[in-house]
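Participant: upload.pdb is reproduced in full below (PDB, C-alpha atoms).
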ATOM      1  CA  MET A  19      64.539  35.706 -74.344
ATOM      2  CA  VAL A  20      66.052  39.146 -73.890
ATOM      3  CA  LEU A  21      67.858  39.916 -70.686
ATOM      4  CA  GLN A  22      68.334  43.478 -69.703
ATOM      5  CA  GLN A  23      71.713  44.184 -68.328
ATOM      6  CA  TYR A  24      72.601  47.038 -66.105
ATOM      7  CA  PRO A  25      76.102  48.427 -65.943
ATOM      8  CA  PRO A  26      77.905  47.711 -62.713
ATOM      9  CA  PRO A  27      78.250  50.646 -60.419
ATOM     10  CA  ALA A  28      81.400  52.563 -60.702
ATOM     11  CA  GLU A  29      84.011  52.232 -58.088
ATOM     12  CA  GLY A  30      83.709  54.717 -55.358
ATOM     13  CA  ALA A  31      80.077  55.455 -56.098
ATOM     14  CA  GLU A  32      77.719  55.524 -53.171
ATOM     15  CA  GLY A  33      74.995  52.822 -53.239
ATOM     16  CA  PRO A  34      72.607  51.070 -50.796
ATOM     17  CA  ASP A  35      74.155  48.932 -48.144
ATOM     18  CA  THR A  36      74.088  45.228 -48.911
ATOM     19  CA  GLU A  37      72.978  44.286 -45.362
ATOM     20  CA  GLU A  38      70.116  46.755 -45.446
ATOM     21  CA  GLN A  39      68.941  45.296 -48.758
ATOM     22  CA  ASN A  40      68.905  41.810 -47.273
ATOM     23  CA  ASP A  41      66.869  43.062 -44.278
ATOM     24  CA  ASP A  42      64.314  44.703 -46.538
ATOM     25  CA  HIS A  43      63.577  41.404 -48.336
ATOM     26  CA  ARG A  44      63.001  39.135 -45.224
ATOM     27  CA  LEU A  45      59.526  37.405 -44.902
ATOM     28  CA  GLY A  46      57.784  35.879 -41.711
ATOM     29  CA  VAL A  47      57.634  36.517 -37.947
ATOM     30  CA  TYR A  48      60.797  36.559 -35.984
ATOM     31  CA  GLY A  49      61.906  37.207 -32.462
ATOM     32  CA  TRP A  50      59.516  37.350 -29.518
ATOM     33  CA  ARG A  51      56.495  37.387 -31.809
ATOM     34  CA  LYS A  52      57.481  34.001 -33.161
ATOM     35  CA  ARG A  53      57.898  32.558 -29.689
ATOM     36  CA  CYS A  54      54.452  33.861 -28.629
ATOM     37  CA  LEU A  55      52.871  32.312 -31.728
ATOM     38  CA  TYR A  56      54.444  28.933 -30.968
ATOM     39  CA  LEU A  57      53.250  29.188 -27.347
ATOM     40  CA  LEU A  58      49.683  29.937 -28.512
ATOM     41  CA  VAL A  59      49.690  26.985 -30.903
ATOM     42  CA  LEU A  60      50.989  24.736 -28.128
ATOM     43  CA  LEU A  61      48.267  25.988 -25.767
ATOM     44  CA  LEU A  62      45.528  25.316 -28.354
ATOM     45  CA  LEU A  63      46.895  21.837 -28.981
ATOM     46  CA  SER A  64      46.935  21.076 -25.232
ATOM     47  CA  THR A  65      43.341  22.301 -24.861
ATOM     48  CA  LEU A  66      42.266  20.108 -27.777
ATOM     49  CA  LEU A  67      43.895  17.048 -26.224
ATOM     50  CA  VAL A  68      42.283  17.745 -22.833
ATOM     51  CA  ASN A  69      38.837  18.121 -24.453
ATOM     52  CA  ILE A  70      39.247  14.848 -26.318
ATOM     53  CA  ALA A  71      40.357  13.081 -23.119
ATOM     54  CA  LEU A  72      37.417  14.524 -21.133
ATOM     55  CA  THR A  73      34.949  13.530 -23.850
ATOM     56  CA  ILE A  74      36.248   9.972 -23.884
ATOM     57  CA  TRP A  75      36.120   9.831 -20.047
ATOM     58  CA  ILE A  76      32.518  11.137 -19.942
ATOM     59  CA  LEU A  77      31.452   8.599 -22.557
ATOM     60  CA  ARG A  78      33.012   5.770 -20.570
ATOM     61  CA  VAL A  79      31.682   6.906 -17.187
ATOM     62  CA  THR A  80      28.103   7.466 -18.388
ATOM     63  CA  CYS A  81      28.205   4.313 -20.551
ATOM     64  CA  LEU A  82      26.622   6.253 -23.399
ATOM     65  CA  ASN A  83      25.584   4.010 -26.261
ATOM     66  CA  THR A  84      23.032   3.790 -29.026
ATOM     67  CA  GLU A  85      20.300   2.500 -26.630
ATOM     68  CA  GLY A  86      20.669   4.969 -23.798
ATOM     69  CA  MET A  87      23.043   6.088 -21.082
ATOM     70  CA  GLY A  88      24.402   4.239 -18.080
ATOM     71  CA  GLN A  89      21.908   1.785 -16.611
ATOM     72  CA  LEU A  90      19.163   3.314 -18.748
ATOM     73  CA  ARG A  91      18.073   1.459 -21.876
ATOM     74  CA  ILE A  92      15.549   3.086 -24.204
ATOM     75  CA  THR A  93      13.744   0.873 -26.697
ATOM     76  CA  SER A  94      10.719   1.337 -28.905
ATOM     77  CA  ASP A  95       8.238  -0.005 -26.319
ATOM     78  CA  ARG A  96       9.802   0.540 -22.902
ATOM     79  CA  VAL A  97      12.478   2.115 -20.742
ATOM     80  CA  ARG A  98      14.647  -0.273 -18.729
ATOM     81  CA  LEU A  99      16.721   0.545 -15.649
ATOM     82  CA  ASP A 100      19.240  -1.966 -14.327
ATOM     83  CA  GLY A 101      20.275  -1.786 -10.670
ATOM     84  CA  VAL A 102      19.406   1.000  -8.231
ATOM     85  CA  SER A 103      18.183   4.304  -9.684
ATOM     86  CA  GLU A 104      17.433   7.577  -7.932
ATOM     87  CA  PHE A 105      14.773  10.081  -9.024
ATOM     88  CA  LEU A 106      14.955  13.607  -7.667
ATOM     89  CA  PHE A 107      11.454  14.683  -8.755
ATOM     90  CA  SER A 108       8.206  13.052  -9.880
ATOM     91  CA  LEU A 109       8.168   9.984 -12.101
ATOM     92  CA  TYR A 110       5.301   9.541 -14.594
ATOM     93  CA  ALA A 111       4.731   6.069 -16.008
ATOM     94  CA  GLN A 112       1.873   3.925 -17.218
ATOM     95  CA  GLU A 113       3.302   0.680 -15.834
ATOM     96  CA  ILE A 114       6.203  -0.186 -13.528
ATOM     97  CA  HIS A 115       7.327  -3.781 -13.036
ATOM     98  CA  SER A 116      10.506  -5.598 -12.064
ATOM     99  CA  LYS A 117      12.527  -8.120 -14.006
ATOM    100  CA  GLN A 118      11.647 -11.780 -13.832
ATOM    101  CA  ASP A 119      12.418 -13.513 -10.505
ATOM    102  CA  THR A 120      13.342 -10.208  -8.841
ATOM    103  CA  SER A 121      11.420  -7.974  -6.456
ATOM    104  CA  LEU A 122      10.491  -4.340  -7.009
ATOM    105  CA  LEU A 123      11.580  -1.972  -4.235
ATOM    106  CA  ILE A 124      10.366   1.631  -3.968
ATOM    107  CA  HIS A 125      12.343   3.348  -1.222
ATOM    108  CA  SER A 126      12.365   6.876   0.142
ATOM    109  CA  GLU A 127      15.098   8.072   2.470
ATOM    110  CA  SER A 128      13.361  11.286   3.561
ATOM    111  CA  GLN A 129       9.615  11.271   4.279
ATOM    112  CA  ASN A 130       7.185   9.049   2.396
ATOM    113  CA  VAL A 131       6.300   7.329  -0.867
ATOM    114  CA  THR A 132       3.226   8.591  -2.725
ATOM    115  CA  LEU A 133       1.538   6.930  -5.697
ATOM    116  CA  GLN A 134      -1.107   8.987  -7.497
ATOM    117  CA  ALA A 135      -3.498   8.413 -10.390
ATOM    118  CA  CYS A 136      -4.490  11.606 -12.213
ATOM    119  CA  ASN A 137      -6.863  12.491 -15.018
ATOM    120  CA  GLY A 138      -6.086  14.441 -18.157
ATOM    121  CA  LYS A 139      -6.528  17.759 -16.367
ATOM    122  CA  GLY A 140      -4.103  16.918 -13.565
ATOM    123  CA  GLY A 141      -6.739  16.156 -10.940
ATOM    124  CA  VAL A 142      -5.968  13.353  -8.496
ATOM    125  CA  LEU A 143      -8.391  10.437  -8.832
ATOM    126  CA  GLY A 144      -6.730   8.168  -6.256
ATOM    127  CA  SER A 145      -3.575   8.079  -4.186
ATOM    128  CA  LEU A 146      -1.616   5.799  -1.878
ATOM    129  CA  ASN A 147       0.621   7.431   0.718
ATOM    130  CA  LEU A 148       3.139   5.349   2.683
ATOM    131  CA  GLY A 149       4.350   7.504   5.560
ATOM    132  CA  PRO A 150       6.711   6.871   8.473
ATOM    133  CA  GLN A 151       3.838   6.090  10.856
ATOM    134  CA  SER A 152       0.764   5.350   8.727
ATOM    135  CA  MET A 153      -0.532   4.314   5.314
ATOM    136  CA  GLU A 154      -3.310   6.331   3.689
ATOM    137  CA  SER A 155      -5.364   5.402   0.638
ATOM    138  CA  VAL A 156      -7.699   7.923  -1.015
ATOM    139  CA  GLY A 157     -10.199   6.823  -3.636
ATOM    140  CA  GLN A 158     -13.783   5.835  -4.350
ATOM    141  CA  HIS A 159     -13.167   2.105  -3.857
ATOM    142  CA  PHE A 160     -10.384  -0.004  -2.311
ATOM    143  CA  GLU A 161      -9.781  -3.700  -3.061
ATOM    144  CA  VAL A 162      -7.302  -6.366  -1.952
ATOM    145  CA  MET A 163      -7.156  -9.457  -4.159
ATOM    146  CA  THR A 164      -5.080 -12.641  -4.368
ATOM    147  CA  SER A 165      -2.827 -13.551  -7.267
ATOM    148  CA  THR A 166      -5.645 -15.720  -8.654
ATOM    149  CA  GLY A 167      -8.128 -12.830  -8.680
ATOM    150  CA  LYS A 168     -10.117 -13.780  -5.560
ATOM    151  CA  LEU A 169     -11.440 -10.849  -3.562
ATOM    152  CA  LEU A 170     -10.063 -10.691  -0.014
ATOM    153  CA  PHE A 171     -11.157  -7.229   1.106
ATOM    154  CA  SER A 172     -13.020  -4.309  -0.410
ATOM    155  CA  ALA A 173     -14.140  -1.001   1.027
ATOM    156  CA  GLY A 174     -16.421   1.603  -0.509
ATOM    157  CA  THR A 175     -18.802   4.361   0.455
ATOM    158  CA  GLU A 176     -21.692   1.913   0.923
ATOM    159  CA  GLN A 177     -20.172  -1.259   2.409
ATOM    160  CA  VAL A 178     -17.034  -3.129   3.445
ATOM    161  CA  VAL A 179     -16.661  -6.717   2.239
ATOM    162  CA  VAL A 180     -14.287  -9.353   3.646
ATOM    163  CA  GLY A 181     -13.984 -12.109   1.072
ATOM    164  CA  ALA A 182     -11.727 -14.476   3.027
ATOM    165  CA  ASP A 183     -13.103 -17.801   4.229
ATOM    166  CA  LYS A 184     -12.506 -16.824   7.855
ATOM    167  CA  LEU A 185     -11.993 -13.490   9.599
ATOM    168  CA  THR A 186      -9.945 -13.793  12.808
ATOM    169  CA  ILE A 187      -9.725 -10.994  15.378
ATOM    170  CA  THR A 188      -6.770 -11.518  17.709
ATOM    171  CA  GLY A 189      -7.224  -8.526  20.017
ATOM    172  CA  SER A 190      -7.545  -9.309  23.710
ATOM    173  CA  ASP A 191     -10.601  -7.043  23.975
ATOM    174  CA  GLY A 192     -12.268  -8.472  20.876
ATOM    175  CA  ALA A 193     -13.952  -6.285  18.272
ATOM    176  CA  GLN A 194     -15.988  -3.165  18.960
ATOM    177  CA  CYS A 195     -18.826  -2.395  16.538
ATOM    178  CA  GLU A 196     -20.716   0.872  16.696
ATOM    179  CA  HIS A 197     -23.567  -0.348  14.487
ATOM    180  CA  SER A 198     -24.963  -3.648  13.249
ATOM    181  CA  ILE A 199     -23.053  -6.656  11.901
ATOM    182  CA  GLU A 200     -24.417  -8.981   9.246
ATOM    183  CA  THR A 201     -22.779 -12.414   9.109
ATOM    184  CA  SER A 202     -23.719 -16.062   8.769
ATOM    185  CA  LEU A 203     -21.447 -17.409  11.514
ATOM    186  CA  VAL A 204     -19.730 -16.065  14.638
ATOM    187  CA  ARG A 205     -17.511 -18.450  16.576
ATOM    188  CA  ALA A 206     -14.516 -18.420  18.885
ATOM    189  CA  GLU A 207     -11.193 -20.151  18.446
ATOM    190  CA  HIS A 208     -10.603 -23.556  19.970
ATOM    191  CA  SER A 209     -10.457 -23.554  23.783
ATOM    192  CA  MET A 210     -11.646 -19.930  23.835
ATOM    193  CA  ASP A 211     -14.961 -18.459  24.999
ATOM    194  CA  LEU A 212     -17.280 -16.496  22.741
ATOM    195  CA  ARG A 213     -18.893 -13.444  24.291
ATOM    196  CA  LEU A 214     -21.413 -11.104  22.693
ATOM    197  CA  GLU A 215     -21.729  -8.142  25.009
ATOM    198  CA  ALA A 216     -23.374  -4.726  25.029
ATOM    199  CA  PRO A 217     -22.136  -2.986  28.218
ATOM    200  CA  THR A 218     -24.496   0.010  28.153
ATOM    201  CA  ARG A 219     -27.175  -0.859  25.579
ATOM    202  CA  SER A 220     -29.183  -3.869  24.432
ATOM    203  CA  LEU A 221     -28.051  -6.807  22.304
ATOM    204  CA  HIS A 222     -30.245  -8.032  19.426
ATOM    205  CA  LEU A 223     -29.814 -11.204  17.399
ATOM    206  CA  ASP A 224     -32.109 -11.205  14.356
ATOM    207  CA  ALA A 225     -32.294 -13.576  11.404
ATOM    208  CA  PRO A 226     -35.053 -14.138   8.824
ATOM    209  CA  LYS A 227     -34.785 -17.940   9.145
ATOM    210  CA  GLY A 228     -33.836 -18.299  12.788
ATOM    211  CA  VAL A 229     -30.922 -17.875  15.183
ATOM    212  CA  HIS A 230     -28.921 -20.956  16.183
ATOM    213  CA  ILE A 231     -26.774 -20.721  19.329
ATOM    214  CA  LYS A 232     -24.639 -23.792  19.969
ATOM    215  CA  ALA A 233     -21.974 -24.625  22.569
ATOM    216  CA  VAL A 234     -20.252 -27.881  21.575
ATOM    217  CA  SER A 235     -18.112 -28.582  24.627
ATOM    218  CA  GLY A 236     -19.094 -25.886  27.113
ATOM    219  CA  SER A 237     -22.103 -24.060  28.463
ATOM    220  CA  GLY A 238     -24.089 -21.130  27.165
ATOM    221  CA  GLN A 239     -25.234 -18.238  29.291
ATOM    222  CA  ALA A 240     -27.516 -15.296  28.606
ATOM    223  CA  VAL A 241     -27.211 -12.629  31.296
ATOM    224  CA  SER A 242     -29.084  -9.335  31.343
ATOM    225  CA  SER A 243     -29.692  -6.675  33.940
ATOM    226  CA  MET A 244     -33.279  -6.277  32.658
ATOM    227  CA  ASP A 245     -35.301  -8.522  30.310
ATOM    228  CA  ILE A 246     -34.321 -11.321  27.926
ATOM    229  CA  SER A 247     -36.786 -11.757  25.037
ATOM    230  CA  LEU A 248     -36.888 -14.863  22.830
ATOM    231  CA  LEU A 249     -39.295 -14.237  19.966
ATOM    232  CA  SER A 250     -40.227 -16.458  17.044
ATOM    233  CA  MET A 251     -42.673 -14.987  14.559
ATOM    234  CA  ASP A 252     -43.777 -18.097  12.622
ATOM    235  CA  GLY A 253     -41.924 -21.044  14.124
ATOM    236  CA  VAL A 254     -41.204 -22.517  17.520
ATOM    237  CA  LEU A 255     -38.621 -21.939  20.212
ATOM    238  CA  ILE A 256     -36.456 -25.023  20.723
ATOM    239  CA  LEU A 257     -34.211 -25.590  23.743
ATOM    240  CA  ASP A 258     -32.413 -28.813  22.809
ATOM    241  CA  ALA A 259     -30.313 -30.071  25.730
ATOM    242  CA  GLU A 260     -30.117 -32.941  28.161
ATOM    243  CA  ARG A 261     -31.182 -30.626  30.967
ATOM    244  CA  VAL A 262     -32.869 -27.252  30.805
ATOM    245  CA  GLN A 263     -32.874 -25.352  34.094
ATOM    246  CA  LEU A 264     -34.921 -22.304  35.002
ATOM    247  CA  PRO A 265     -33.998 -22.008  38.688
ATOM    248  CA  ARG A 266     -35.768 -18.750  39.516
ATOM    249  CA  LEU A 267     -39.250 -19.397  38.139
ATOM    250  CA  PRO A 268     -41.993 -18.612  40.654
ATOM    251  CA  LEU A 269     -43.816 -21.569  42.191
ATOM    252  CA  SER A 270     -47.591 -21.561  42.431
ATOM    253  CA  GLY A 271     -50.359 -23.992  43.429
ATOM    254  CA  GLU A 272     -50.448 -27.152  45.468
ATOM    255  CA  GLY A 273     -49.890 -30.170  43.258
ATOM    256  CA  GLU A 274     -49.705 -33.814  44.106
ATOM    257  CA  LYS A 275     -46.496 -35.211  45.395
ATOM    258  CA  GLY A 276     -44.731 -37.749  43.307
ATOM    259  CA  SER A 277     -42.654 -40.653  44.482
ATOM    260  CA  PRO A 278     -40.762 -40.253  47.728
ATOM    261  CA  GLY A 279     -37.850 -37.886  47.305
ATOM    262  CA  GLU A 280     -39.167 -36.571  43.983
ATOM    263  CA  GLN A 281     -41.439 -33.611  43.272
ATOM    264  CA  LEU A 282     -42.882 -32.993  39.776
ATOM    265  CA  TYR A 283     -43.626 -29.527  38.422
ATOM    266  CA  GLU A 284     -45.341 -28.184  35.388
ATOM    267  CA  VAL A 285     -44.076 -25.177  33.421
ATOM    268  CA  CYS A 286     -46.911 -22.798  32.661
ATOM    269  CA  VAL A 287     -47.004 -19.847  30.291
ATOM    270  CA  CYS A 288     -49.033 -16.700  30.829
ATOM    271  CA  PRO A 289     -50.681 -14.845  27.936
ATOM    272  CA  ASP A 290     -47.989 -12.169  28.187
ATOM    273  CA  GLY A 291     -45.234 -14.793  27.901
ATOM    274  CA  ARG A 292     -44.286 -15.121  31.576
ATOM    275  CA  LEU A 293     -43.288 -18.566  32.836
ATOM    276  CA  TYR A 294     -44.036 -20.035  36.244
ATOM    277  CA  LEU A 295     -43.975 -23.420  37.901
ATOM    278  CA  SER A 296     -47.014 -25.266  39.078
ATOM    279  CA  LYS A 297     -46.921 -28.505  41.017
ATOM    280  CA  ALA A 298     -47.923 -31.267  38.649
ATOM    281  CA  GLY A 299     -51.113 -33.288  39.152
ATOM    282  CA  HIS A 300     -53.048 -35.892  37.265
ATOM    283  CA  THR A 301     -54.091 -33.142  34.865
ATOM    284  CA  SER A 302     -52.690 -29.735  34.075
ATOM    285  CA  THR A 303     -52.760 -27.343  37.010
ATOM    286  CA  CYS A 304     -51.830 -24.239  34.994
ATOM    287  CA  HIS A 305     -55.431 -23.134  34.632
ATOM    288  CA  ASP A 306     -56.007 -23.436  38.345
ATOM    289  CA  ASN A 307     -53.002 -21.232  39.053
ATOM    290  CA  SER A 308     -53.497 -18.760  36.188
ATOM    291  CA  HIS A 309     -54.220 -16.013  38.706
ATOM    292  CA  ASN A 310     -50.459 -15.703  39.130
ATOM    293  CA  CYS A 311     -50.282 -14.155  35.668
TER
END
Translate this file's structure into structure tokens.
Facilitator:
Amino acid sequence: MVLQQYPPPAEGAEGPDTEEQNDDHRLGVYGWRKRCLYLLVLLLLSTLLVNIALTIWILRVTCLNTEGMGQLRITSDRVRLDGVSEFLFSLYAQEIHSKQDTSLLIHSESQNVTLQACNGKGGVLGSLNLGPQSMESVGQHFEVMTSTGKLLFSAGTEQVVVGADKLTITGSDGAQCEHSIETSLVRAEHSMDLRLEAPTRSLHLDAPKGVHIKAVSGSGQAVSSMDISLLSMDGVLILDAERVQLPRLPLSGEGEKGSPGEQLYEVCVCPDGRLYLSKAGHTSTCHDNSHNC
């Protein structure tokens, strides 16, 4: 290897300053620039540490995991919420049910709770609105059933059906019906009176196989400001009691007197259905007194 040698400078010759040569060959950042660079690196490192700490805190607070976030668990067939959850807007679901042995509570702190069933075009087919003062149900048909599937109550556009074994009305004024009622039995509670009343119109009791009015431990009264009609198309009219009293029937004819202190009468019927009393004789006296009809 050949090394080139240069002769040393002569004494007294002018050459470059040694300190200036050293300054010309320095590499890097020095002085205030170096301090600013270190400060910037320190600031970036602090920001990175804060971001990592915030990320870890958010993951722990939200309980983010592979199945969901927080109390929310997302599986292949359902979404599960544990504890109390709050929804700010509408919730769309095909089925909502609680966990086993726990109740399901739907609570609104502002106005009401509304459940709606919609079709594919967004039209409302039925809705249930629970308000602060009332409950409204909108739909073509409404049903209330037991846990075993027995119908308790149903309401539609054509009829209302009560499927319970007994319907009890506890109001002090009873029940007011604007139109007809079809039922197989109407009775009062124990030790209570049963009253069928039409204050301004007429009262009709009709049945294809007869009407049976029975008072087990009390008396029965039929009061009308005009006429009372008892009509049987094909059968007979039966008044089954120990004593039947018609106190205001007119008395006609002069019949024979019975035993002392006793007077016998005969109940006669006119062709138009009127009843009157005729003093009894050895034979019927109705024909003799038929002029009263």
Participant: Run the PyMOL selection byres ((chain A and resi 185) around 12) against the file shown and list the residues it catches, as number ranges by chain.
Facilitator: A: 170-171, 179-184, 186-188, 193, 201, 203-207
Participant: Step by step, work through what the PyMOL selection byres ((chain A and resi 98) around 12) selects in the shown file, and finish by giving those residues as a VMD selection string.
Facilitator: chain A and resid 85 to 97 99 to 103 113 to 117
Participant: Pick the closest to Val254 in chain A from A:His197, A:Lys227, A:Ser237, A:Leu212: which is it, counting all atoms listed in the file?
Facilitator: A:Lys227
Participant: With all atoms listed in the file as the atoms that count, which of A:Asn307, A:Pro150, A:Leu269, A:Tyr110 lies nearest to Leu133 in chain A?
Facilitator: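 Under the stated criterion, the closest residue is A:Tyr110.
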Participant: Apply the PyMOL selection byres ((chain A and resi 296) around 7) to the file shown and report the selected residues as a list in words.
Facilitator: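 Evaluating the PyMOL selection byres ((chain A and resi 296) around 7) on this file yields Leu269, Ser270, Gly271, Tyr283, Glu284, Val285, Cys286, Tyr294, Leu295, Lys297, Ala298, Thr303 and Cys304 of chain A.
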Participant: What does the structure give for the distance between CA of Ser121 in chain A and CA of Thr84 in chain A, in Å to one decimal?
Facilitator: 28.0 Å
Participant: Just to confirm, what's the straight-line distance from CA of Gly144 in chain A to CA of Val156 in chain A in Å (one decimal)?
Facilitator: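 Taking CA of Gly144 in chain A and CA of Val156 in chain A, their separation equals 5.3 Å.
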Participant: Could you name the residues that touch range 240-243 of chain A at 12 Å or less, counting all atoms listed in the file, but leaving out those on the same chain fewer than 3 positions away, as a PDB file with C-alpha atoms, in the frame of the given file?
Facilitator:
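Result saved to result27.pdb:
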ATOM      1  CA  LEU A 212     -17.280 -16.496  22.741  1.00  0.00           C
ATOM      2  CA  ARG A 213     -18.893 -13.444  24.291  1.00  0.00           C
ATOM      3  CA  LEU A 214     -21.413 -11.104  22.693  1.00  0.00           C
ATOM      4  CA  GLU A 215     -21.729  -8.142  25.009  1.00  0.00           C
ATOM      5  CA  ALA A 216     -23.374  -4.726  25.029  1.00  0.00           C
ATOM      6  CA  PRO A 217     -22.136  -2.986  28.218  1.00  0.00           C
ATOM      7  CA  THR A 218     -24.496   0.010  28.153  1.00  0.00           C
ATOM      8  CA  ARG A 219     -27.175  -0.859  25.579  1.00  0.00           C
ATOM      9  CA  SER A 220     -29.183  -3.869  24.432  1.00  0.00           C
ATOM     10  CA  LEU A 221     -28.051  -6.807  22.304  1.00  0.00           C
ATOM     11  CA  ILE A 231     -26.774 -20.721  19.329  1.00  0.00           C
ATOM     12  CA  SER A 237     -22.103 -24.060  28.463  1.00  0.00           C
ATOM     13  CA  ILE A 246     -34.321 -11.321  27.926  1.00  0.00           C
ATOM     14  CA  SER A 247     -36.786 -11.757  25.037  1.00  0.00           C
ATOM     15  CA  LEU A 248     -36.888 -14.863  22.830  1.00  0.00           C
TER      16      LEU A 248
END
Participant: Rounded to one decimal in Å, what is the spacing between CA of Gln134 in chain A and CA of Asn147 in chain A?
Facilitator: 8.5 Å
Participant: List the residues sitting within 9 Å of (-12.6, -3.7, -7.0) in the file's frame, using only C-alpha atoms, as number ranges by chain.
Facilitator: A: 159-163, 169, 171-173
Participant: Mind working out the centre and edge lengths of an axis-aligned box for range 98-113 of chain A, all listed atoms inside, 6 Å added to each side, rounded to one decimal in Å and written as JSON?
Facilitator:
{"center_x": 11.1, "center_y": 6.4, "center_z": -13.2, "size_x": 30.4, "size_y": 28.6, "size_z": 23.1}
Participant: Contacts of Val142 in chain A at 12 Å or less, counting all atoms listed in the file, minus same-chain residues fewer than 3 places along, as an MDAnalysis selection string?
Facilitator: chainID A and resid 132:139 145:146 156:158
Participant: Might you pull out every residue within 12 Å of Leu106 in chain A, with only C-alpha atoms counted and same-chain residues fewer than 4 positions away left off, and present them as a ChimeraX atom specification?
Facilitator: /A:126-128
Participant: Name the closest residue to Ile256 in chain A among the candidates A:Gly228, A:Gly141, A:Gly167, A:Gly46; distances are taken between atoms, counting only C-alpha atoms.
Facilitator: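 Nearest to Ile256 in chain A: A:Gly228.
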